[in-house]
Amino acid sequence: MALTNQYLILNPSLKRIGTLTVDGATKFSNDSVKIQLADADTTSTSYDDDANVGTKDSYTGTINLNAQSKKFDHQGSLDVLQGQPDSDKVVAGNNLAYYDALSGHWYVMHIYSVDENNTSATKHVTTANFTNLCLFTLAHHYPVAMTESSTDIKSAFSSVFSDTGWTLKFNTTNSMTPHISIDGKTKASALLQTLLQAYNVEVDCYVEIDSQGNVQSKTCEIVDQLNIDKVYNEAIFGKNITSIKRTTVSTPITKLIAYGANGSTMAAANDGKVYIVDDEANQQYNPDWQSGLYYEGVITANTIDHAAGLKSWAEQMLQLFNHPRTYYEVNVAPTFNPPLGATIRFKDDKITPVLDASGRVIQRTISFANPYGNTVGFGEYVTVPVATPAWLVGYQSAISSALEKARENASSVKPVALTPDGNNFTDPRQTKRLILQAWEGSTNISAYIDSKGFIWRRYNTDGTLDTSFNQTGYLLQAPYSAVGTLHGTIETSYIQDEPEIKLQTSAISSLGSFATDDSTLGITGAAQYMCPLSNGQYITSRSNANNDVMFVLHDANFKPISKMVISQGGHGASFSIEEVNGTVYIWYAVKSSSSTDQFSISRIPYLANVTLSNDDNRITRFCTVNRYIRINVDFKHGYVLCSYFRGEQNVLRLDDVKQGNYNILYSFDATNYGFNPNQQTYQSQGIDFPYVYFQSGDYNMKDPRMVYAVNVVHGGQEFASNYLLDMDLGLTDDVAEPETCNIIYNNQTNQSELLVTFNCRYQGNSLERAFVIPIKERLPMTAKGDELNG
């Protein structure tokens, strides 16, 4: 059933449940679908058309170099007016399928979020944001670890796609065997981009659909070059080109510094130098070349660790950067719509200098509702780092820009309502959680809006506003009678300059330092985590030999008093303390004695100078999960945080855990907030509901020492701070490895504080240093009195 200009609505099981058309029963508008096979350099915001652009531009490039730019992405959005027969089926979790006549394939796009825009009391528009189902599936899959080895293309792709439900179709002559490894902690979506570059191939992810509109198979086809056999001789401005934009990045790099895995360099194979230069390009483009100056750049190859290989790779990369690069974005007539990968020759004698260029289509945007909005992009590729797909990009770097746009144009802020408990009631006395988020573009700005700016309105059955209903806040417990009639809006006059919480870095206090080892008690190794006791003492954890975990009791000056060991207990990365009637209990995820993959959320009495086996009956086990977790407990509010070092964070109710139930109440992925498990070492976490804190930084000082905070309910990021750059801890150590990230409360002010410890090396000596950083809460705004006036 190859019908164009429509989208089929599919449920999570990929069964057809509805249809969207331009002019049918359920209409859509403003659709835009972008697909790309490589990235182009468009980083220049201003350029001179006369600068280094020839009249016979040719950008076929060198294949091996352009392989570094390969990146598959496929995403889009569309609008649906609510109240139509199938409009209520356009919800997050469902899918849209469309047919592309150029490729002859159906594509399934997973709806990962929806925005609701109320244009009036009776008109509500749903904006669906979607991405290729294959990318969405891969972004939630972590392939099994594989040791580094020379790997052929079929083995590599099969390892990444195993257990995803997608069938691989190899239409390639590729015979390369690069060194490939999988760490078991990286998303398959990121690994896919790595393989595209490593093997210099391209993919097409499509489905087969039967006559009823149901998906029968899911295929990812790997090819050497997509549509390489399709050549379009001429596209001419004024004929089948409606507009053209030429972007030139005019500053080349003539001196390239390269780093490999773990900070390695090429020095051993390059006469002691960590860089290479291109003197010919430097003389051509750098007016200061006679002074010995170069245009410098830095590049990193995380998979190369030997000097000769790093130098060879850097020499190839320098060829990409040693000259100005040009990219073209072209709006085309509806009758001229070349497929992705096709080769095109473009002409424009109106532009200066005259354009006569050829290249492959590396990006393509289509619209069924507005085919005059179709665009194609072609030009010279440029190296880009392997990254999370655009629809999963973190927020921190975009928040300032998003807030500025939101203040300038209130209509750009979109409310997104979430129903984590569903909306099916089994009892009229039930309530369901409704969560309201505020988005500006692809950035969640909820943390920068006062709670009064999250406004809930209820509509009567006749469409009129219920003026007696008065609710604000990002979290609402909705009764049975209200579901279906509630609508959330964002009042942008409540946008704040600061997030809900921030670190009060001007008031940092040092608790002191202590040696990592104590020969008297037989204590060795760095302290992984620290919790204070009500009497001023502390308990720390250590990872010992044979996977034992040691808990150490310290006095108020950090002198060790006693220790307790749990054999085969696990790493000791984090824990919490509960004090009941003078007894100290440790809440910790104990490794199971029966399975290496099971960990139990447990409560353990602290027993001085005792060794317990990990199945000792004095350990109370509440619930067990089949993977390694790190926990922290918020006894004040009644929640348990379960973290996974690759980034997933789950929040559970403490009462549920005590009943043996691992019921996830809220969750988020740290990789969506700037944390990159491929470049950063996850350390520890803490919870002070609704805020979750986590931090990173390796002992080798190769990655930034970062601490993050996220509101787990509305998903907004509170901050992402660098311990060494964004605050002054007074550290002068050679090494400062973040360890503890624990939330405590000041006994005098009852203010929440961040307790952090660092494993340090100072003049060859190992020390633990402890600090307290107050956490400042933003003051609530005064009500403006017009929140519910409609």
# chains A, B, ... in the order shown; residues from 1 in each chain; ligands from 1
call {"tool": "residues_around", "arguments": {"residues": "Arg360 in chain A", "least_positions_apart": "4", "cutoff": "7 Å", "atoms": "only C-alpha atoms", "output": "list in words"}}
result
Gly341, Ala342, Thr343, Ile344 and Phe378 of chain A
call {"tool": "write_last_selection", "arguments": {"atoms": "N, CA and C atoms", "output": "PDB file, in the first residue's frame"}}
result
ATOM      1  N   GLY A 341      21.740  10.914  -1.019  1.00  0.00           N
ATOM      2  CA  GLY A 341      22.888  10.229  -1.594  1.00  0.00           C
ATOM      3  C   GLY A 341      23.097  10.466  -3.065  1.00  0.00           C
ATOM      4  N   ALA A 342      22.079  10.993  -3.753  1.00  0.00           N
ATOM      5  CA  ALA A 342      22.214  11.227  -5.191  1.00  0.00           C
ATOM      6  C   ALA A 342      23.242  12.322  -5.463  1.00  0.00           C
ATOM      7  N   THR A 343      23.866  12.268  -6.639  1.00  0.00           N
ATOM      8  CA  THR A 343      24.829  13.278  -7.058  1.00  0.00           C
ATOM      9  C   THR A 343      24.135  14.303  -7.956  1.00  0.00           C
ATOM     10  N   ILE A 344      24.353  15.589  -7.656  1.00  0.00           N
ATOM     11  CA  ILE A 344      23.669  16.654  -8.369  1.00  0.00           C
ATOM     12  C   ILE A 344      24.681  17.716  -8.794  1.00  0.00           C
ATOM     13  N   PHE A 378      23.998  19.868   0.331  1.00  0.00           N
ATOM     14  CA  PHE A 378      25.151  19.136  -0.186  1.00  0.00           C
ATOM     15  C   PHE A 378      26.375  20.015  -0.025  1.00  0.00           C
TER      16      PHE A 378
END
call {"tool": "residues_around", "arguments": {"residues": "Tyr639 in chain A", "least_positions_apart": "4", "cutoff": "12 Å", "atoms": "only C-alpha atoms", "output": "VMD selection string"}}
result
chain A and resid 576 631 to 635 650 to 658 662 to 666 686 to 692 712
call {"tool": "write_last_selection", "arguments": {"atoms": "N, CA, C and O atoms", "output": "mmCIF file, in the first residue's frame"}}
result
data_model
loop_
_atom_site.group_PDB
_atom_site.id
_atom_site.type_symbol
_atom_site.label_atom_id
_atom_site.label_comp_id
_atom_site.auth_asym_id
_atom_site.auth_seq_id
_atom_site.Cartn_x
_atom_site.Cartn_y
_atom_site.Cartn_z
ATOM 1 N N SER A 576 23.555 4.907 52.310
ATOM 2 C CA SER A 576 22.902 5.899 53.172
ATOM 3 C C SER A 576 22.834 5.349 54.588
ATOM 4 O O SER A 576 22.937 4.137 54.813
ATOM 5 N N ILE A 631 22.849 2.999 45.266
ATOM 6 C CA ILE A 631 21.641 3.578 45.846
ATOM 7 C C ILE A 631 21.962 4.722 46.799
ATOM 8 O O ILE A 631 23.071 4.844 47.330
ATOM 9 N N ASN A 632 20.942 5.551 46.991
ATOM 10 C CA ASN A 632 20.967 6.602 47.997
ATOM 11 C C ASN A 632 19.528 6.781 48.459
ATOM 12 O O ASN A 632 18.606 6.711 47.641
ATOM 13 N N VAL A 633 19.331 7.009 49.762
ATOM 14 C CA VAL A 633 17.973 7.072 50.316
ATOM 15 C C VAL A 633 17.702 8.464 50.875
ATOM 16 O O VAL A 633 18.519 9.033 51.597
ATOM 17 N N ASP A 634 16.547 9.002 50.525
ATOM 18 C CA ASP A 634 16.062 10.277 51.053
ATOM 19 C C ASP A 634 15.015 9.947 52.112
ATOM 20 O O ASP A 634 13.835 9.806 51.821
ATOM 21 N N PHE A 635 15.462 9.815 53.361
ATOM 22 C CA PHE A 635 14.539 9.456 54.450
ATOM 23 C C PHE A 635 13.597 10.612 54.776
ATOM 24 O O PHE A 635 12.472 10.389 55.244
ATOM 25 N N ASN A 650 16.774 5.926 38.539
ATOM 26 C CA ASN A 650 15.407 5.552 38.884
ATOM 27 C C ASN A 650 15.089 5.992 40.309
ATOM 28 O O ASN A 650 15.912 5.822 41.216
ATOM 29 N N VAL A 651 13.889 6.534 40.507
ATOM 30 C CA VAL A 651 13.447 6.947 41.835
ATOM 31 C C VAL A 651 12.236 6.096 42.230
ATOM 32 O O VAL A 651 11.271 5.992 41.463
ATOM 33 N N LEU A 652 12.306 5.506 43.429
ATOM 34 C CA LEU A 652 11.259 4.640 43.944
ATOM 35 C C LEU A 652 10.771 5.186 45.281
ATOM 36 O O LEU A 652 11.498 5.905 45.973
ATOM 37 N N ARG A 653 9.561 4.836 45.662
ATOM 38 C CA ARG A 653 9.083 5.185 46.995
ATOM 39 C C ARG A 653 9.739 4.258 48.010
ATOM 40 O O ARG A 653 9.831 3.044 47.809
ATOM 41 N N LEU A 654 10.171 4.823 49.115
ATOM 42 C CA LEU A 654 10.792 4.029 50.169
ATOM 43 C C LEU A 654 9.835 2.965 50.689
ATOM 44 O O LEU A 654 10.233 1.816 50.928
ATOM 45 N N ASP A 655 8.561 3.311 50.841
ATOM 46 C CA ASP A 655 7.580 2.337 51.337
ATOM 47 C C ASP A 655 7.422 1.169 50.372
ATOM 48 O O ASP A 655 7.242 0.020 50.794
ATOM 49 N N ASP A 656 7.476 1.441 49.073
ATOM 50 C CA ASP A 656 7.391 0.353 48.091
ATOM 51 C C ASP A 656 8.585 -0.584 48.211
ATOM 52 O O ASP A 656 8.451 -1.810 48.145
ATOM 53 N N VAL A 657 9.779 0.003 48.364
ATOM 54 C CA VAL A 657 10.985 -0.814 48.493
ATOM 55 C C VAL A 657 10.892 -1.708 49.721
ATOM 56 O O VAL A 657 11.244 -2.902 49.685
ATOM 57 N N LYS A 658 10.407 -1.156 50.830
ATOM 58 C CA LYS A 658 10.282 -1.955 52.060
ATOM 59 C C LYS A 658 9.320 -3.115 51.885
ATOM 60 O O LYS A 658 9.405 -4.117 52.605
ATOM 61 N N TYR A 662 10.030 -3.126 43.332
ATOM 62 C CA TYR A 662 10.875 -2.200 42.581
ATOM 63 C C TYR A 662 9.996 -1.476 41.565
ATOM 64 O O TYR A 662 10.058 -1.711 40.359
ATOM 65 N N ASN A 663 9.143 -0.604 42.060
ATOM 66 C CA ASN A 663 8.229 0.156 41.210
ATOM 67 C C ASN A 663 8.842 1.517 40.920
ATOM 68 O O ASN A 663 8.952 2.360 41.816
ATOM 69 N N ILE A 664 9.236 1.758 39.680
ATOM 70 C CA ILE A 664 9.882 3.015 39.303
ATOM 71 C C ILE A 664 8.826 4.110 39.232
ATOM 72 O O ILE A 664 7.868 4.026 38.468
ATOM 73 N N LEU A 665 9.010 5.151 40.039
ATOM 74 C CA LEU A 665 8.068 6.265 40.088
ATOM 75 C C LEU A 665 8.466 7.350 39.088
ATOM 76 O O LEU A 665 7.639 7.891 38.369
ATOM 77 N N TYR A 666 9.759 7.674 39.055
ATOM 78 C CA TYR A 666 10.304 8.653 38.125
ATOM 79 C C TYR A 666 11.651 8.121 37.626
ATOM 80 O O TYR A 666 12.317 7.342 38.322
ATOM 81 N N GLY A 686 23.173 11.406 44.775
ATOM 82 C CA GLY A 686 22.394 11.650 45.984
ATOM 83 C C GLY A 686 21.025 12.168 45.600
ATOM 84 O O GLY A 686 20.828 12.703 44.506
ATOM 85 N N ILE A 687 20.059 12.038 46.514
ATOM 86 C CA ILE A 687 18.700 12.495 46.243
ATOM 87 C C ILE A 687 18.175 13.313 47.404
ATOM 88 O O ILE A 687 18.367 12.963 48.578
ATOM 89 N N ASP A 688 17.550 14.422 47.075
ATOM 90 C CA ASP A 688 16.787 15.246 48.011
ATOM 91 C C ASP A 688 15.525 15.627 47.234
ATOM 92 O O ASP A 688 15.481 16.669 46.599
ATOM 93 N N PHE A 689 14.563 14.734 47.232
ATOM 94 C CA PHE A 689 13.424 14.815 46.324
ATOM 95 C C PHE A 689 12.805 16.215 46.304
ATOM 96 O O PHE A 689 12.606 16.817 47.360
ATOM 97 N N PRO A 690 12.516 16.738 45.090
ATOM 98 C CA PRO A 690 12.555 16.073 43.780
ATOM 99 C C PRO A 690 13.888 16.177 43.051
ATOM 100 O O PRO A 690 13.952 15.894 41.854
ATOM 101 N N TYR A 691 14.958 16.576 43.755
ATOM 102 C CA TYR A 691 16.231 16.830 43.084
ATOM 103 C C TYR A 691 17.161 15.628 43.199
ATOM 104 O O TYR A 691 17.323 15.050 44.276
ATOM 105 N N VAL A 692 17.760 15.267 42.061
ATOM 106 C CA VAL A 692 18.751 14.198 42.007
ATOM 107 C C VAL A 692 20.084 14.811 41.600
ATOM 108 O O VAL A 692 20.156 15.588 40.633
ATOM 109 N N VAL A 712 13.728 15.519 39.043
ATOM 110 C CA VAL A 712 13.330 14.252 38.451
ATOM 111 C C VAL A 712 11.865 14.235 38.052
ATOM 112 O O VAL A 712 11.442 13.399 37.253
#
call {"tool": "residues_around", "arguments": {"residues": "Tyr494 in chain A", "least_positions_apart": "2", "cutoff": "9 Å", "atoms": "only C-alpha atoms", "output": "list in words"}}
result
Tyr448, Ile449, Asp450, Ser451, Lys452, Gly453, Phe454, Ile490, Glu491, Thr492, Gln496, Met781 and Lys784 of chain A
call {"tool": "select_by_dssp", "arguments": {"residues": "range 122-211 of chain A", "states": "strand (DSSP E or B)", "output": "JSON, numbers by chain"}}
result
{"A": [124, 125, 126, 127, 128, 129, 130, 131, 132, 146, 147, 148, 149, 150, 167, 168, 169, 170, 171, 179, 180, 181, 182, 202, 203, 204, 205, 206, 207, 208, 209]}
call {"tool": "residues_around", "arguments": {"residues": "Ser217 in chain A", "least_positions_apart": "5", "cutoff": "10 Å", "atoms": "only C-alpha atoms", "output": "number ranges by chain"}}
result
A: 165-167, 206-210
call {"tool": "closest_residue", "arguments": {"among": "A:Tyr7, A:Phe551, A:Phe668, A:Tyr199", "to": "Thr177 in chain A", "atoms": "only C-alpha atoms"}}
result
A:Tyr199
call {"tool": "residues_around", "arguments": {"residues": "range 111-115 of chain A", "least_positions_apart": "6", "cutoff": "8 Å", "atoms": "only C-alpha atoms", "output": "list in words"}}
result
Val90, Val91, Ala92, Gly93, Asn94, Asn95, Leu96, Thr126, Thr127, Ala128, Asn129, Phe130, Thr131, Lys414, Pro415, Val416 and Ala417 of chain A
call {"tool": "select_by_dssp", "arguments": {"residues": "range 507-674 of chain A", "states": "alpha helix (DSSP H)", "output": "number ranges by chain"}}
result
A: 654-658
